[in-house]
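Student: Submitted below is the structure of interest, expressed as structure tokens.
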Amino acid sequence: MDKTKVFSVALLILLVAFLVAIYSYLNLFAPFSGEIWKLNFKVEKVDNPYGKATIYLDRYGVPHIKAENEKALFYDVGYIQARDRLFQMDLHRRLMKGQLSEVFGEDLVDSDVFHVKMDFEGAAKASWKEIDGTEFGDLIKAYCDGVNAYISQGNLPMEFKLLGYKPEPWRPEDVFLVDKEISWELSGNFWDLERAVIAEKLPEALELYPTYLNHTVPIVRTDKVSKELLDWLKPFEGKEGYGSNNWIISGKHTANGKPILANDPHLALTVPPVWYEVHLLTDDMNVRGVTFPGVPIVVIGQNQYVAWGFTNVGADVIDFYYYVTKGDKYLYKGKWVDFVKEEKTLRVKTKNGIEERKVIVKKTIHGPVIEKNGKEVAVAWTGLSATREFLALYTYNHAKNLREFLEGVRYFDVPAQNLVYIDRDGNIMYYPAGRFPIRYVGDKVVPGNILFNGSAGEGEWKGFKPYAHSTWDGFIPFEEIPHLINPEYVATANQRVVFGYQHYLGDSGYFTDPYRGMRIYELIDDAIAKGKKIDVEYVKEMQRDVYSKPAEFFVAQMDGVEFSEKAKPWVEELKKWNFEMKEDSKAALVFAIWLDYYINETFGDEFYSAGLDKSYYPKVWVLQNLPADSEWFDDVRTPEKETRADIIVRAMDKAVEEIEKNKYEVYGDHNKLRMNHPFNLAFLNYPALTMDGSKFTVFNFRVGSKPFQVGSSWRMISTFDKSYCIIPGGNSGNYFSKHYTDQLEMWVNGEYKPMEFEMPDLPNVEEVIEVGG
């Protein structure tokens with residue numbers, strides 16, 4: 001069962017049943033009254049055991065928190081996050097601990113079983129143990145105290161009241177569970193297993209997955225796995241659609257001679273948003289940006305001295321191992337070793353009440369074991385160890401210069417991120433922050449895109465221990481990770497980091513198509529070639545850019561192709577098109593739908609015949625570069641031998657049929673934003689809006705992604721004069737707050753709000769919460 005069930009269908013069914021039992025359908029949408037609808041936004045004074053602090057909420061609901069010390073600050077962060085996002089925090093915690101079915105029912109048992117077997121909770125506890133006892137650990141405890149202070153007031157978000165349960169206290173390990181969740185989403189990739197299944201089912205297709213995609217814009221054993229096992233696992237792997245853009249430009253090419261940083265991470269578009277914006281101020285720190293609800297520090301942002309942003313490296317930091325087994329033992333380097341087993345209890349909500357089910361968590365020296373229908377593999381993933389990325393972020397929040405910031409980069413373990421940096425002194429930097437394993441079979445270094453014989457000790461990561469402290473001494477040394485300090489400019493968009501590098505970072509299955517990276521470099525190069533000095537307004541236009549590089553390439557391949565009469569008017573639209581994915585464009589409409597059909601008509605016959613669905617298809621860049629007479633264009637189901645032109649025509653006819661069937665007129669009819677609350681009730685969902693952009697454009701929006709649409713989850717432009725930002729929705733998760741959706745239309749339209757570092761003037765303050773010592 002995939003995560004769509006987690007966040008929509010099952011929850012909707014259970015919620016509606018609950019509501020019908022209490023209210024009539026009409027009363028649900030009548031004027032709200034009664035205790036269930038009470039929300040108290042007028043808290044004026046709150047006790048704080050750590051000292052004095054004040055929360056100023058500005059006209060966008062962004063908390064500006066000023067405190068006399070950091071413990072008081074972190075306590076306030078916990079309090080205000082809980083007030084704005086407590087249900088979201090608890091939902092993420094339940095997901096990672098495998099406790100969703102306790103509240104939402106049997107449909108979510110598969111999800112819970114997977115998360116329990118992976119023991120993400122054990123990994124979170126190991127990371128907390130690494131931090132506990134330090135100064136930063138004390139701050140984490142203060143944050144949790146703030147969350148729990150809000151919970152103890154009893155004024156819980158309405159979702160808890162509707163579902164009839166109360167959240168458990170927030171604990172330090174829960175903070176790290178949120179970290180493990182986002183890390184898994186960005187690096188928990190099952191490509192190695194997929195590649196093994198392709199090698200078994202359709203071995204000739206391996207040519208479609210080269211080690212490198214042949215572009216020029218870098219940033220600088222099959223019987224051991226079954227398709228049934230992979231099918232069960234795939235809903236729980238990190239999402240392929242997640243990516244991001246960022247770039248940095250040195251003062252050499254800017255209008256004011258100072259560096260500029262731009263960042264927009266592409267994550268799930270959820271209600272409420274993935275990110276929570278906050279401004280933190282003490283005598284020693286003034287930092288603003290976004291964090292994840294449940295996390296007390298700024299993840300992407302800026303202080304008075306430095307600014308930083310991330311995109312996902314997409315590196316291969318996960319491996320899979322098979323074993324010779326005998327009963328409860330597995331063979332390891334010539335010796336029979338007991339599986340480490342632990343019985344855990346799953347509490348499942350059924351029609352007969354809560355039912356307890358047993359789940360056996362099984363581990364080897366390499367990591368947890370996951371199995372289906374008798375096929376099992378152990379998983380090694382960097383995030384299963386005790387990791388220190390929160391300590392890195394804490395250092396970033398405080399850093400005053402490049403030297404201090406680089407000390408923090410050394411702590412960043414997972415997920416591997418393309419880190420970009422600028423500072424007030426004019427320095428810029430690119431560093432792929434993270435831990436990158438080196439694998440050996442015997443004395444030979446090997447890539448990590450295969451299944452390893454765990455019994456023989458193949459592919460092991462030296463210095464790695466799951467659920468414990470790792471020394472990382474068998475990983476790529478920090479100094480050898482390819483990086484750039486003070487280049488003229490750098491752009492990252494999840495494309496391959498570098499070509500010709502001595503160490504394996506991942507093959508083409510791990511990195512994205514290069515189109516967004518190509519376009520960003522193109523825009524920077526073009527400005528420089530014309531002698532233009534780049535300013536913030538130009539960077540805003542870059543973030544709003546909807547030019548499609550795939551359209552430029554694929555439409556050119558249509559030259560000389562003879563189309564059907566019904567398709568010709570749409571082809572004419574493509575011929576005069578500027579390749580911009582605008583909501584009012586007919587050409588963008590037909591191209592987007594045509595490309596989906598073109599991909600399927602090229603690969604569907606071979607892949608589906610082998611029992612492989614479209615999730616196994618190669619990258620679009622590979623399709624673009626196939627020769628016109630490639631065998632992959634031939635439909636194996638027909639006696640004729642099709643060429644590229646035949647498939648182009650067939651896909652165009654199907655696209656036109658879909659357009660006519662759905663009565664589409666322009667791209668916006670198809671490309672619609674649908675951001676739904678976990679309950680998926682109309683009044684809680686964000687309004688549906690037409691969108692510019694696509695998966696391949698800098699202004700990023702992916703209409704077909706599941707279980708959520710994906711897009712720019714936070715846009716930030718940082719300078720040391722004036723910075724700007726926006727999130728897709730609102731900072732509050734409370735439906736009755738004016739900040740539930742107040743930034744949504746601005747985000748859709750590519751607009752920004754100032755990202756200021758002074759405390760807001762009183763006329764711009766909507767609420768003040770005084771937290772006393």
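A note on labels: chains of the structure tokens are A, B, ... as shown, every chain counts residues from 1, and ligands are counted from 1 in their shown order.
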Identify, on the basis of only C-alpha atoms, every residue whose closest approach to Gly105 in chain A does not exceed 7 Å; exclude the query and any residue fewer than 2 positions from it along the same chain; express the result as a PyMOL selection string.
Tutor: chain A and resi 101-103+107-108+348-350
Student: Would you mind exporting the chosen residues as a PDB file, in the first residue's frame, restricted to all heavy atoms?
Tutor:
ATOM      1  N   SER A 101      -1.142   2.839  11.467  1.00  0.00           N
ATOM      2  CA  SER A 101      -2.323   1.971  11.475  1.00  0.00           C
ATOM      3  C   SER A 101      -3.025   1.969  12.834  1.00  0.00           C
ATOM      4  O   SER A 101      -4.204   1.620  12.925  1.00  0.00           O
ATOM      5  CB  SER A 101      -1.947   0.541  11.072  1.00  0.00           C
ATOM      6  OG  SER A 101      -0.966  -0.001  11.921  1.00  0.00           O
ATOM      7  N   GLU A 102      -2.343   2.370  13.874  1.00  0.00           N
ATOM      8  CA  GLU A 102      -2.964   2.470  15.193  1.00  0.00           C
ATOM      9  C   GLU A 102      -4.077   3.506  15.200  1.00  0.00           C
ATOM     10  O   GLU A 102      -5.062   3.375  15.911  1.00  0.00           O
ATOM     11  CB  GLU A 102      -1.916   2.832  16.241  1.00  0.00           C
ATOM     12  CG  GLU A 102      -2.474   2.945  17.650  1.00  0.00           C
ATOM     13  CD  GLU A 102      -1.422   3.309  18.668  1.00  0.00           C
ATOM     14  OE1 GLU A 102      -0.277   3.622  18.271  1.00  0.00           O
ATOM     15  OE2 GLU A 102      -1.740   3.289  19.874  1.00  0.00           O
ATOM     16  N   VAL A 103      -3.921   4.529  14.372  1.00  0.00           N
ATOM     17  CA  VAL A 103      -4.900   5.612  14.312  1.00  0.00           C
ATOM     18  C   VAL A 103      -5.763   5.528  13.062  1.00  0.00           C
ATOM     19  O   VAL A 103      -6.971   5.794  13.109  1.00  0.00           O
ATOM     20  CB  VAL A 103      -4.193   6.980  14.372  1.00  0.00           C
ATOM     21  CG1 VAL A 103      -5.186   8.120  14.193  1.00  0.00           C
ATOM     22  CG2 VAL A 103      -3.445   7.136  15.685  1.00  0.00           C
ATOM     23  N   ASP A 107      -5.318  -0.398   6.374  1.00  0.00           N
ATOM     24  CA  ASP A 107      -4.727  -0.096   5.073  1.00  0.00           C
ATOM     25  C   ASP A 107      -3.266   0.325   5.190  1.00  0.00           C
ATOM     26  O   ASP A 107      -2.527   0.279   4.200  1.00  0.00           O
ATOM     27  CB  ASP A 107      -5.516   1.012   4.373  1.00  0.00           C
ATOM     28  CG  ASP A 107      -6.811   0.499   3.772  1.00  0.00           C
ATOM     29  OD1 ASP A 107      -6.898  -0.720   3.552  1.00  0.00           O
ATOM     30  OD2 ASP A 107      -7.722   1.314   3.529  1.00  0.00           O
ATOM     31  N   LEU A 108      -2.854   0.739   6.360  1.00  0.00           N
ATOM     32  CA  LEU A 108      -1.513   1.278   6.519  1.00  0.00           C
ATOM     33  C   LEU A 108      -0.560   0.297   7.197  1.00  0.00           C
ATOM     34  O   LEU A 108       0.541   0.669   7.577  1.00  0.00           O
ATOM     35  CB  LEU A 108      -1.581   2.581   7.309  1.00  0.00           C
ATOM     36  CG  LEU A 108      -2.533   3.615   6.692  1.00  0.00           C
ATOM     37  CD1 LEU A 108      -2.559   4.881   7.506  1.00  0.00           C
ATOM     38  CD2 LEU A 108      -2.141   3.914   5.270  1.00  0.00           C
ATOM     39  N   VAL A 348      -2.993  -2.057  15.663  1.00  0.00           N
ATOM     40  CA  VAL A 348      -3.744  -1.780  14.449  1.00  0.00           C
ATOM     41  C   VAL A 348      -5.205  -1.526  14.789  1.00  0.00           C
ATOM     42  O   VAL A 348      -5.847  -2.324  15.485  1.00  0.00           O
ATOM     43  CB  VAL A 348      -3.645  -2.960  13.456  1.00  0.00           C
ATOM     44  CG1 VAL A 348      -4.399  -2.630  12.165  1.00  0.00           C
ATOM     45  CG2 VAL A 348      -2.182  -3.275  13.158  1.00  0.00           C
ATOM     46  N   LYS A 349      -5.717  -0.425  14.290  1.00  0.00           N
ATOM     47  CA  LYS A 349      -7.124  -0.098  14.478  1.00  0.00           C
ATOM     48  C   LYS A 349      -7.963  -0.905  13.498  1.00  0.00           C
ATOM     49  O   LYS A 349      -7.782  -0.814  12.286  1.00  0.00           O
ATOM     50  CB  LYS A 349      -7.348   1.398  14.263  1.00  0.00           C
ATOM     51  CG  LYS A 349      -8.764   1.869  14.551  1.00  0.00           C
ATOM     52  CD  LYS A 349      -8.855   3.383  14.364  1.00  0.00           C
ATOM     53  CE  LYS A 349     -10.226   3.911  14.688  1.00  0.00           C
ATOM     54  NZ  LYS A 349     -10.301   5.393  14.523  1.00  0.00           N
ATOM     55  N   THR A 350      -8.880  -1.710  14.005  1.00  0.00           N
ATOM     56  CA  THR A 350      -9.760  -2.513  13.166  1.00  0.00           C
ATOM     57  C   THR A 350     -11.212  -2.216  13.541  1.00  0.00           C
ATOM     58  O   THR A 350     -11.483  -1.498  14.498  1.00  0.00           O
ATOM     59  CB  THR A 350      -9.474  -4.014  13.343  1.00  0.00           C
ATOM     60  OG1 THR A 350      -9.956  -4.426  14.630  1.00  0.00           O
ATOM     61  CG2 THR A 350      -7.986  -4.319  13.233  1.00  0.00           C
TER      62      THR A 350
END
Student: With a distance cut-off of 10 Å and only C-alpha atoms, select the neighbouring residues of Asp112 in chain A, excluding the residue or stretch itself and same-chain residues fewer than 5 positions from it, and output the selection as a VMD selection string.
Tutor: chain A and resid 6 94 to 102 106 to 107 117 to 118 346 to 348 359
Student: Identify, with DSSP run on backbone atoms, the residues in range 211-401 of chain A assigned to alpha helix (DSSP H), and express the list as a PyMOL selection string.
Tutor: chain A and resi 227-233+389-398
Student: Report as JSON lines the residues of range 455-548 of chain A within 12 Å of range 553-575 of chain A, each with its shortest atom pair and distance in Å (one decimal), using only C-alpha atoms, ordered by chain and increasing residue number.
Tutor:
{"residue": "A:Tyr515", "atom": "CA", "partner": "A:Phe553", "partner_atom": "CA", "distance": 10.4}
{"residue": "A:Tyr547", "atom": "CA", "partner": "A:Phe553", "partner_atom": "CA", "distance": 11.8}
{"residue": "A:Ser548", "atom": "CA", "partner": "A:Phe553", "partner_atom": "CA", "distance": 9.0}
Student: Go ahead and dump the residues you just picked, N, CA, C and O atoms, as a tab-separated table (two decimals), in the first residue's frame.
Tutor:
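Saved as selection09.tsv:
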chain	number	residue	atom	x	y	z
A	515	TYR	N	18.47	18.88	-17.73
A	515	TYR	CA	17.86	20.03	-18.41
A	515	TYR	C	17.82	21.30	-17.56
A	515	TYR	O	18.10	22.40	-18.06
A	547	TYR	N	11.28	28.13	-19.56
A	547	TYR	CA	11.76	27.62	-20.84
A	547	TYR	C	12.10	26.14	-20.71
A	547	TYR	O	12.82	25.73	-19.80
A	548	SER	N	11.58	25.33	-21.64
A	548	SER	CA	11.76	23.89	-21.58
A	548	SER	C	12.86	23.44	-22.54
A	548	SER	O	12.69	23.50	-23.77
Student: With only C-alpha atoms as the basis for distance, which of A:Val445, A:Val622, A:Ala67, A:Ile428 is at the shortest distance from Tyr489 in chain A?
Tutor: A:Ile428
Student: Using only C-alpha atoms, determine which residues lie at most 7 Å from Val379 in chain A, disregarding the query and same-chain residues fewer than 4 positions distant; provide the list as a ChimeraX atom specification.
Tutor: /A:319-321,366-369
Student: Selection from above, N, CA and C atoms, as a PDB file, in the first residue's frame, can you write it?
Tutor:
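What ended up in again-v2.pdb:
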ATOM      1  N   ASP A 319      23.211   0.332  -0.063  1.00  0.00           N
ATOM      2  CA  ASP A 319      23.576  -0.937  -0.696  1.00  0.00           C
ATOM      3  C   ASP A 319      22.724  -2.064  -0.124  1.00  0.00           C
ATOM      4  N   PHE A 320      22.693  -3.173  -0.884  1.00  0.00           N
ATOM      5  CA  PHE A 320      21.852  -4.319  -0.536  1.00  0.00           C
ATOM      6  C   PHE A 320      22.691  -5.588  -0.568  1.00  0.00           C
ATOM      7  N   TYR A 321      22.452  -6.471   0.392  1.00  0.00           N
ATOM      8  CA  TYR A 321      23.270  -7.671   0.577  1.00  0.00           C
ATOM      9  C   TYR A 321      22.386  -8.914   0.681  1.00  0.00           C
ATOM     10  N   HIS A 366      25.325  -5.873   8.436  1.00  0.00           N
ATOM     11  CA  HIS A 366      25.248  -4.777   7.467  1.00  0.00           C
ATOM     12  C   HIS A 366      24.053  -3.858   7.691  1.00  0.00           C
ATOM     13  N   GLY A 367      22.964  -4.372   8.291  1.00  0.00           N
ATOM     14  CA  GLY A 367      21.787  -3.547   8.491  1.00  0.00           C
ATOM     15  C   GLY A 367      20.526  -4.380   8.604  1.00  0.00           C
ATOM     16  N   PRO A 368      19.362  -3.729   8.558  1.00  0.00           N
ATOM     17  CA  PRO A 368      18.091  -4.434   8.711  1.00  0.00           C
ATOM     18  C   PRO A 368      17.782  -5.305   7.494  1.00  0.00           C
ATOM     19  N   VAL A 369      17.020  -6.368   7.735  1.00  0.00           N
ATOM     20  CA  VAL A 369      16.626  -7.294   6.679  1.00  0.00           C
ATOM     21  C   VAL A 369      15.174  -7.012   6.302  1.00  0.00           C
TER      22      VAL A 369
END
Student: Using only C-alpha atoms, can you tell me which of A:Gly668, A:Pro259, A:Gly500, A:Pro432 comes closest to Phe720 in chain A?
Tutor: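 Among the listed residues, the smallest separation from Phe720 in chain A belongs to A:Pro259.
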Student: If you run DSSP on the backbone here, which positions in range 409-522 of chain A get strand (DSSP E or B)? Please write them as a list in words.
Tutor: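 Of range 409-522 of chain A, the ones in strand (DSSP E or B) are Gln417, Asn418, Leu419, Val420, Tyr421, Ile422, Asp423, Ile428, Met429, Tyr430, Tyr431, Pro432, Ala433, Pro437, Arg439, Tyr440, Val441, Lys444, Val445, Val446, Phe452, Asn453, Phe475, Leu484, Ile485, Tyr489, Val490, Ala491 and Thr492 of chain A.
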Student: Which residues are near Asp423 in chain A? Cut-off 10 Å, only C-alpha atoms, ignore same chain within fewer than 4 positions. Put them as an mmCIF file with N, CA, C and O atoms, in the first residue's frame.
Tutor:
data_model
loop_
_atom_site.group_PDB
_atom_site.id
_atom_site.type_symbol
_atom_site.label_atom_id
_atom_site.label_comp_id
_atom_site.auth_asym_id
_atom_site.auth_seq_id
_atom_site.Cartn_x
_atom_site.Cartn_y
_atom_site.Cartn_z
ATOM 1 N N LYS A 258 28.751 42.217 -5.076
ATOM 2 C CA LYS A 258 28.594 41.293 -3.957
ATOM 3 C C LYS A 258 27.954 39.999 -4.444
ATOM 4 O O LYS A 258 27.193 40.006 -5.410
ATOM 5 N N PRO A 259 28.211 38.886 -3.768
ATOM 6 C CA PRO A 259 27.671 37.600 -4.253
ATOM 7 C C PRO A 259 26.165 37.496 -4.054
ATOM 8 O O PRO A 259 25.578 38.150 -3.189
ATOM 9 N N ILE A 260 25.556 36.646 -4.882
ATOM 10 C CA ILE A 260 24.125 36.342 -4.803
ATOM 11 C C ILE A 260 23.957 34.830 -4.736
ATOM 12 O O ILE A 260 24.649 34.089 -5.440
ATOM 13 N N LEU A 261 23.030 34.386 -3.898
ATOM 14 C CA LEU A 261 22.692 32.963 -3.786
ATOM 15 C C LEU A 261 21.203 32.785 -4.046
ATOM 16 O O LEU A 261 20.378 33.565 -3.543
ATOM 17 N N GLN A 302 19.942 32.178 6.122
ATOM 18 C CA GLN A 302 20.957 33.225 6.108
ATOM 19 C C GLN A 302 21.039 33.870 7.483
ATOM 20 O O GLN A 302 20.032 34.012 8.174
ATOM 21 N N ASN A 303 22.247 34.221 7.873
ATOM 22 C CA ASN A 303 22.397 35.097 9.021
ATOM 23 C C ASN A 303 23.044 36.397 8.558
ATOM 24 O O ASN A 303 23.083 36.675 7.362
ATOM 25 N N GLN A 304 23.556 37.197 9.457
ATOM 26 C CA GLN A 304 24.114 38.490 9.058
ATOM 27 C C GLN A 304 25.433 38.361 8.301
ATOM 28 O O GLN A 304 25.877 39.326 7.666
ATOM 29 N N TYR A 305 26.036 37.180 8.335
ATOM 30 C CA TYR A 305 27.367 37.002 7.769
ATOM 31 C C TYR A 305 27.424 36.026 6.598
ATOM 32 O O TYR A 305 28.230 36.193 5.690
ATOM 33 N N VAL A 306 26.595 34.978 6.650
ATOM 34 C CA VAL A 306 26.675 33.915 5.640
ATOM 35 C C VAL A 306 25.268 33.512 5.208
ATOM 36 O O VAL A 306 24.293 33.727 5.926
ATOM 37 N N ALA A 307 25.181 32.930 4.017
ATOM 38 C CA ALA A 307 23.924 32.351 3.534
ATOM 39 C C ALA A 307 24.247 31.022 2.876
ATOM 40 O O ALA A 307 25.342 30.830 2.328
ATOM 41 N N TRP A 308 23.285 30.091 2.911
ATOM 42 C CA TRP A 308 23.533 28.765 2.353
ATOM 43 C C TRP A 308 22.236 28.145 1.833
ATOM 44 O O TRP A 308 21.140 28.520 2.235
ATOM 45 N N ALA A 399 27.689 30.597 12.075
ATOM 46 C CA ALA A 399 28.950 30.906 11.387
ATOM 47 C C ALA A 399 29.053 32.378 11.005
ATOM 48 O O ALA A 399 28.075 33.009 10.594
ATOM 49 N N LYS A 400 30.271 32.900 11.087
ATOM 50 C CA LYS A 400 30.532 34.292 10.724
ATOM 51 C C LYS A 400 31.470 34.419 9.537
ATOM 52 O O LYS A 400 31.671 35.516 9.008
ATOM 53 N N ASN A 401 32.030 33.290 9.093
ATOM 54 C CA ASN A 401 32.966 33.348 7.968
ATOM 55 C C ASN A 401 33.116 31.955 7.364
ATOM 56 O O ASN A 401 32.559 30.970 7.876
ATOM 57 N N LEU A 402 33.876 31.877 6.302
ATOM 58 C CA LEU A 402 34.045 30.627 5.566
ATOM 59 C C LEU A 402 34.717 29.557 6.417
ATOM 60 O O LEU A 402 34.327 28.384 6.373
ATOM 61 N N PHE A 405 32.231 28.110 8.825
ATOM 62 C CA PHE A 405 31.204 27.352 8.111
ATOM 63 C C PHE A 405 31.745 25.999 7.659
ATOM 64 O O PHE A 405 31.059 24.970 7.771
ATOM 65 N N ASN A 427 33.138 35.781 -0.375
ATOM 66 C CA ASN A 427 33.466 34.402 -0.739
ATOM 67 C C ASN A 427 32.229 33.648 -1.217
ATOM 68 O O ASN A 427 31.118 33.893 -0.743
ATOM 69 N N ILE A 428 32.430 32.714 -2.144
ATOM 70 C CA ILE A 428 31.383 31.773 -2.518
ATOM 71 C C ILE A 428 31.991 30.370 -2.530
ATOM 72 O O ILE A 428 33.196 30.205 -2.708
ATOM 73 N N MET A 429 31.149 29.366 -2.329
ATOM 74 C CA MET A 429 31.659 28.000 -2.231
ATOM 75 C C MET A 429 30.585 27.009 -2.670
ATOM 76 O O MET A 429 29.391 27.208 -2.429
ATOM 77 N N SER A 718 19.297 35.255 -1.651
ATOM 78 C CA SER A 718 20.035 35.865 -0.553
ATOM 79 C C SER A 718 21.144 36.774 -1.075
ATOM 80 O O SER A 718 21.910 36.404 -1.977
ATOM 81 N N THR A 719 21.198 37.963 -0.503
ATOM 82 C CA THR A 719 22.297 38.893 -0.688
ATOM 83 C C THR A 719 22.593 39.472 0.689
ATOM 84 O O THR A 719 21.980 39.081 1.678
ATOM 85 N N PHE A 720 23.501 40.417 0.740
ATOM 86 C CA PHE A 720 23.726 41.076 2.020
ATOM 87 C C PHE A 720 23.267 42.527 1.974
ATOM 88 O O PHE A 720 23.678 43.355 2.790
#
Student: Please compute the CA of Gly301 in chain A-CA of Val498 in chain A distance, one decimal, in Å.
Tutor: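 Going from CA of Gly301 in chain A over to CA of Val498 in chain A covers 25.9 Å.
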Student: Which value, in Å to one decimal, gives the distance between CA of Asp535 in chain A and CA of Ala255 in chain A?
Tutor: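 So the answer is 5.4 Å.
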Student: What's the 7 Å shell around range 687-703 of chain A, counting only C-alpha atoms, without same-chain residues fewer than 3 positions away, as number ranges by chain?
Tutor: A: 515-516, 543-548, 581-583, 668-669, 671-674, 709-712, 748
Student: I'd like the contact shell of range 267-274 of chain A - 6 Å cut-off, only C-alpha atoms, skipping same-chain residues fewer than 6 positions apart - returned as a PyMOL selection string.
Tutor: chain A and resi 242+675-677+708-711+713+733
Student: Only C-alpha atoms, please: the residues just picked out, written as a PDB file, in the first residue's frame.
Tutor:
ATOM      1  CA  TYR A 242      12.435  15.260  -5.463  1.00  0.00           C
ATOM      2  CA  MET A 675      -2.458  20.655  -2.705  1.00  0.00           C
ATOM      3  CA  ASN A 676      -4.528  18.570  -0.310  1.00  0.00           C
ATOM      4  CA  HIS A 677      -4.692  18.371   3.455  1.00  0.00           C
ATOM      5  CA  PHE A 708       1.877  14.500  -3.824  1.00  0.00           C
ATOM      6  CA  GLN A 709       2.614  16.966  -6.536  1.00  0.00           C
ATOM      7  CA  VAL A 710       6.173  18.250  -6.405  1.00  0.00           C
ATOM      8  CA  GLY A 711       7.545  21.727  -6.935  1.00  0.00           C
ATOM      9  CA  SER A 713       8.833  24.142  -1.782  1.00  0.00           C
ATOM     10  CA  GLY A 733      -1.265  24.634   9.687  1.00  0.00           C
TER      11      GLY A 733
END
Student: Just the residues within 7 Å of Lys586 in chain A, please, counting only C-alpha atoms, with nothing from its chain fewer than 4 positions along; format it as JSON, numbers by chain.
Tutor: {"A": [573, 590, 665, 666, 667]}
Student: Find the residue from A:Ile593, A:Leu612, A:Ile727, A:Ile534 that sits nearest to Lys654 in chain A; use only C-alpha atoms when measuring.
Tutor: A:Ile593
Student: Could you check how far CA of Thr602 in chain A sits from CA of Trp632 in chain A, in Å to one decimal?
Tutor: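 Taking CA of Thr602 in chain A and CA of Trp632 in chain A, their separation equals 6.2 Å.
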